Amino acid sequence: MQTIVDILGPDGPLAKHVPGFAARSQQQDMAEATARALENNEMLIAEAGTGTGKTYAYLVPALLYSQECDRKVMISTGTKNLQDQLFHRDLPTVRKALGVSTSVALLKGRANYLCHHRLEKVEGQRLRPEQQDQLARVRTWLGRTTCGDIAELGAVPEDAPIWPKVTSTMDNCLGGECPVYSDCFVVKARKSAQAADVLVVNHHLFFADLALRDEGFGELLPGINAFIFDEAHQLPDVASTFFGSNLSARQLNELARDALVDVLTEARDADAVQASITRLEKAVRDFRLALGNDTKRAPWASMDDNVVLATATEDLLESLVRLESDLEPLAERGKGLERSWRRCLDLKARLGQFVNGGSDEQGVIQWFETHVRGFALHMTPLEISETFRSHVDKHKSAWIFTSATLAVGDDFTHFSRELGIEDAHARRWDSPFDFAKQALLYVPAALPPTQYTGLHDGGDRRRATRDRGQRRSCLFSAYQLPRAEHCCP
Ligand code: SF4
């Protein structure tokens, strides 16, 4: 019987099936460590330098473990592009080389799947010519897609304005009450994820569900025997975002748009609510203007003295209060109206929470970001280690974290402390490349001064940064703060 080392060796199946494959001792070693962690239900932090081939180093043991032990494995990647690459390229290659029949599935967040119900609803809406053209392409594609993953339709970019109109959010999905539930692409994707031996997700989807944001993946978690996170250095930042709370102009505008469609279809005689919707849209625009013209990220406290913003905030809150009270009596006239009312209640509560609460002392940082037309308000926890660890303890499985950048030198303390997994085994493998001979370093002249992006590694660097008056960004927070004191007490 072939060992993992043989499989990834110069005469193994990978070398036979993958053009240009080169056996590397670092890859073989990491694959063995991964196999051990899987078999023993352990936590492993694995840093592997560039060129190690870490994807195969975890895919080979993961596929064999799933096949031989009849176990379910979840692999999470940093981005949707990496997710697609893993699912469409690396997984089929390794499966074929190993000759295993392990079933695999790809699951993304619901915003990545066409929603039949919203596609029907968009018919009655006025669209700009560019959006009408995109809608026509979406309809043609609907005739040939089997999974409804919008990444398939390359002719319509992922940030095209038509997509939010024809994909669902947890707020506007009708769930089991949907008239086209049996055709729903989100439901189909979840079913195939449920049935698969190896499931590929991304960190955002994983944390959205861990934080009970109902992307419909949460119900899969109890059945998973091993979690593997690639690009694991991103986990603390992504976790902070999802374990916090946020409110955006997009959510508010979508509420206004959907509520108007619901009123027009379910309660045409309700004139007052139409006026409240218009008022909300105006309040969102005014609030954005009050945050200033530039696009930026900043602490909410930096706007304390802004009188215009204080008024705009009051107006926004008041417009949500008014819309909610107008929608409440209409909620029983239709499912759409009932959902819009509940969404309005939720957004009103979130804005109220943001306006009234949150401070460093309570373990939460309040900050905001502005885009050309939109904004988002965030309440981000300073510490996520306890929360993350509680989920690890709840799922008695193997937990494997890998990336090319997890340690500081040989020390994994920073990463493991952030996630509350200080008791995990940690290993690192150097790159097989001889950088002195195989790499060239170009340093452009006239680079701007250094900005630290990284580590809470002691006061000296922090003080040096502060003394030079530079902006500093850090892993501790996913955003830039103008003063280091905010995150480095
Ligand atoms: S169940 Fe939700 S996502 Fe699926 S088609 Fe209906 S509204 Fe859209």
# chains A, B, ... in the order shown; residues from 1 in each chain; ligands from 1
>>> closest_atom_pairs(of="chain A", to="ligand 1", cutoff="10 Å", atoms="only C-alpha atoms and all ligand atoms", output="Markdown table")
| residue | atom | partner | partner_atom_place_in_ligand_line | distance |
| --- | --- | --- | --- | --- |
| A:Arg110 | CA | ligand 1 | 3 (S) | 7.1 |
| A:Ala111 | CA | ligand 1 | 3 (S) | 8.8 |
| A:Tyr113 | CA | ligand 1 | 3 (S) | 7.7 |
| A:Leu114 | CA | ligand 1 | 8 (Fe) | 7.5 |
| A:Cys115 | CA | ligand 1 | 8 (Fe) | 4.0 |
| A:His116 | CA | ligand 1 | 5 (S) | 4.6 |
| A:His117 | CA | ligand 1 | 5 (S) | 4.7 |
| A:Arg118 | CA | ligand 1 | 8 (Fe) | 6.1 |
| A:Leu119 | CA | ligand 1 | 8 (Fe) | 8.4 |
| A:Glu120 | CA | ligand 1 | 5 (S) | 9.6 |
| A:Val166 | CA | ligand 1 | 8 (Fe) | 8.4 |
| A:Thr167 | CA | ligand 1 | 8 (Fe) | 6.9 |
| A:Ser168 | CA | ligand 1 | 3 (S) | 5.2 |
| A:Thr169 | CA | ligand 1 | 3 (S) | 7.6 |
| A:Met170 | CA | ligand 1 | 2 (Fe) | 8.0 |
| A:Asp171 | CA | ligand 1 | 2 (Fe) | 9.5 |
| A:Asn172 | CA | ligand 1 | 7 (S) | 6.8 |
| A:Cys173 | CA | ligand 1 | 2 (Fe) | 3.8 |
| A:Leu174 | CA | ligand 1 | 7 (S) | 4.5 |
| A:Gly175 | CA | ligand 1 | 1 (S) | 4.3 |
| A:Gly176 | CA | ligand 1 | 1 (S) | 6.4 |
| A:Glu177 | CA | ligand 1 | 1 (S) | 7.5 |
| A:Cys178 | CA | ligand 1 | 6 (Fe) | 4.5 |
| A:Pro179 | CA | ligand 1 | 6 (Fe) | 6.8 |
| A:Val180 | CA | ligand 1 | 5 (S) | 5.5 |
| A:Tyr181 | CA | ligand 1 | 1 (S) | 4.7 |
| A:Ser182 | CA | ligand 1 | 1 (S) | 8.1 |
| A:Asp183 | CA | ligand 1 | 5 (S) | 6.9 |
| A:Cys184 | CA | ligand 1 | 4 (Fe) | 4.2 |
| A:Phe185 | CA | ligand 1 | 4 (Fe) | 6.3 |
| A:Val186 | CA | ligand 1 | 3 (S) | 5.7 |
| A:Val187 | CA | ligand 1 | 4 (Fe) | 6.4 |
| A:Lys188 | CA | ligand 1 | 4 (Fe) | 9.1 |
>>> select_by_dssp(residues="stretch 78-148 of chain A", states="helix (DSSP H, G or I)", output="ChimeraX atom specification")
/A:80-98,110-112,116-124,129-142
>>> residues_around(residues="A:Glu338", least_positions_apart="5", cutoff="8 Å", atoms="only C-alpha atoms", output="list in words")
Leu327, Glu328, Leu330, Ala331, Glu332 and Arg333 of chain A
>>> write_last_selection(atoms="N, CA, C and O atoms", output="compact mmCIF listing (two decimals), in the first residue's frame")
# COMPACT_ATOMS: atom_id res chain seq x y z
N LEU A 327 -45.67 50.03 7.89
CA LEU A 327 -45.69 48.66 7.34
C LEU A 327 -46.40 47.67 8.28
O LEU A 327 -47.00 46.70 7.82
N GLU A 328 -46.30 47.92 9.57
CA GLU A 328 -46.82 46.95 10.54
C GLU A 328 -48.28 46.56 10.26
O GLU A 328 -48.59 45.36 10.16
N LEU A 330 -49.85 46.60 7.58
CA LEU A 330 -50.00 45.99 6.25
C LEU A 330 -49.42 44.58 6.20
O LEU A 330 -49.62 43.85 5.23
N ALA A 331 -48.66 44.23 7.25
CA ALA A 331 -47.89 42.98 7.20
C ALA A 331 -48.76 41.76 6.93
O ALA A 331 -48.32 40.80 6.29
N GLU A 332 -50.01 41.81 7.40
CA GLU A 332 -50.86 40.63 7.22
C GLU A 332 -51.46 40.54 5.81
O GLU A 332 -52.11 39.55 5.48
N ARG A 333 -51.21 41.56 4.98
CA ARG A 333 -51.81 41.54 3.64
C ARG A 333 -50.96 40.80 2.61
O ARG A 333 -51.37 40.65 1.46
>>> residues_around(residues="stretch 355-357 of chain A", least_positions_apart="6", cutoff="10 Å", atoms="only C-alpha atoms", output="ChimeraX atom specification")
/A:300,310,313-314,317,349,364-366,377,379
>>> write_last_selection(atoms="C-alpha atoms", output="CSV table (one decimal), in the first residue's frame")
chain,number,residue,atom,x,y,z
A,300,TRP,CA,-17.3,56.9,14.4
A,310,ALA,CA,-26.2,64.3,14.0
A,313,THR,CA,-28.7,60.4,11.8
A,314,GLU,CA,-31.8,61.5,13.6
A,317,LEU,CA,-33.7,56.8,12.4
A,349,ALA,CA,-32.8,48.2,15.8
A,364,VAL,CA,-16.4,46.9,20.5
A,365,ILE,CA,-15.0,49.5,18.0
A,366,GLN,CA,-17.5,51.6,16.1
A,377,LEU,CA,-21.5,51.5,9.8
A,379,MET,CA,-19.5,47.6,15.3
>>> atom_distance(atom1="atom CA of A:Asn202", atom2="atom CA of A:Leu347")
26.1 Å
>>> atom_distance(atom1="atom CA of A:Arg288", atom2="atom CA of A:Leu264")
27.4 Å
>>> closest_residue(among="A:Val100, A:Leu260, A:Ala424, A:Val18", to="A:Ile45", atoms="only C-alpha atoms")
A:Ala424
>>> residues_around(residues="stretch 392-409 of chain A", least_positions_apart="4", cutoff="6 Å", atoms="only C-alpha atoms", output="PyMOL selection string")
chain A and resi 38+41-49+225-233
>>> residues_around(residues="stretch 279-284 of chain A", least_positions_apart="6", cutoff="7 Å", atoms="only C-alpha atoms", output="compact mmCIF listing (two decimals) with N, CA and C atoms, in the first residue's frame")
# COMPACT_ATOMS: atom_id res chain seq x y z
N ALA A 249 -25.78 51.41 3.43
CA ALA A 249 -26.73 52.12 2.55
C ALA A 249 -27.40 51.11 1.62
N ASN A 253 -31.32 50.84 1.06
CA ASN A 253 -31.92 51.08 -0.27
C ASN A 253 -32.66 49.85 -0.78
N ALA A 256 -35.98 49.77 0.84
CA ALA A 256 -36.90 50.74 0.22
C ALA A 256 -37.42 50.20 -1.11
N ALA A 312 -28.67 64.31 10.36
CA ALA A 312 -28.94 63.28 9.36
C ALA A 312 -29.19 61.92 10.01
N ASP A 315 -32.68 61.93 11.38
CA ASP A 315 -33.64 61.80 10.27
C ASP A 315 -33.71 60.35 9.78
N LEU A 316 -32.55 59.73 9.70
CA LEU A 316 -32.52 58.35 9.20
C LEU A 316 -33.27 57.43 10.17
N SER A 319 -36.97 58.11 9.93
CA SER A 319 -37.59 57.59 8.70
C SER A 319 -37.81 56.07 8.81
N LEU A 320 -36.91 55.39 9.52
CA LEU A 320 -37.11 53.94 9.73
C LEU A 320 -38.26 53.69 10.70
>>> residues_around(residues="stretch 11-15 of chain A", least_positions_apart="2", cutoff="10 Å", atoms="only C-alpha atoms", output="PyMOL selection string")
chain A and resi 2-9+17-23+56+60+93-99
>>> closest_residue(among="A:Leu221, A:Cys344, A:Ala31, A:Val200", to="A:Asn81", atoms="only C-alpha atoms")
A:Val200
>>> closest_residue(among="A:Arg250, A:Ser25, A:Arg342, A:Phe368", to="A:Pro10", atoms="only C-alpha atoms")
A:Ser25
>>> select_by_dssp(residues="stretch 131-258 of chain A", states="strand (DSSP E)", output="PyMOL selection string")
chain A and resi 198-202+226-229+245-248
>>> write_last_selection(atoms="N, CA and C atoms", output="compact mmCIF listing (two decimals), in the first residue's frame")
# COMPACT_ATOMS: atom_id res chain seq x y z
N VAL A 198 -16.76 15.92 0.31
CA VAL A 198 -15.84 17.06 0.47
C VAL A 198 -16.55 18.31 -0.02
N LEU A 199 -16.61 19.30 0.84
CA LEU A 199 -17.35 20.51 0.55
C LEU A 199 -16.39 21.70 0.51
N VAL A 200 -16.49 22.52 -0.54
CA VAL A 200 -15.61 23.69 -0.66
C VAL A 200 -16.42 24.96 -0.42
N VAL A 201 -16.03 25.72 0.60
CA VAL A 201 -16.73 26.98 0.91
C VAL A 201 -15.68 28.09 0.96
N ASN A 202 -16.09 29.29 1.34
CA ASN A 202 -15.10 30.36 1.57
C ASN A 202 -15.29 30.91 2.99
N ALA A 226 -14.04 17.24 9.57
CA ALA A 226 -12.75 17.92 9.51
C ALA A 226 -12.90 19.25 8.80
N PHE A 227 -12.29 20.28 9.39
CA PHE A 227 -12.31 21.62 8.79
C PHE A 227 -10.89 21.98 8.36
N ILE A 228 -10.73 22.36 7.10
CA ILE A 228 -9.41 22.79 6.63
C ILE A 228 -9.54 24.22 6.10
N PHE A 229 -8.75 25.13 6.64
CA PHE A 229 -8.80 26.52 6.20
C PHE A 229 -7.52 26.87 5.45
N SER A 245 -21.44 43.70 14.01
CA SER A 245 -22.73 44.05 13.42
C SER A 245 -22.50 45.20 12.44
N ASN A 246 -23.29 45.26 11.40
CA ASN A 246 -23.12 46.36 10.46
C ASN A 246 -24.45 46.77 9.83
N LEU A 247 -24.42 47.92 9.23
CA LEU A 247 -25.61 48.47 8.57
C LEU A 247 -25.11 49.29 7.40
N SER A 248 -25.65 49.04 6.20
CA SER A 248 -25.12 49.75 5.03
C SER A 248 -26.22 50.46 4.26
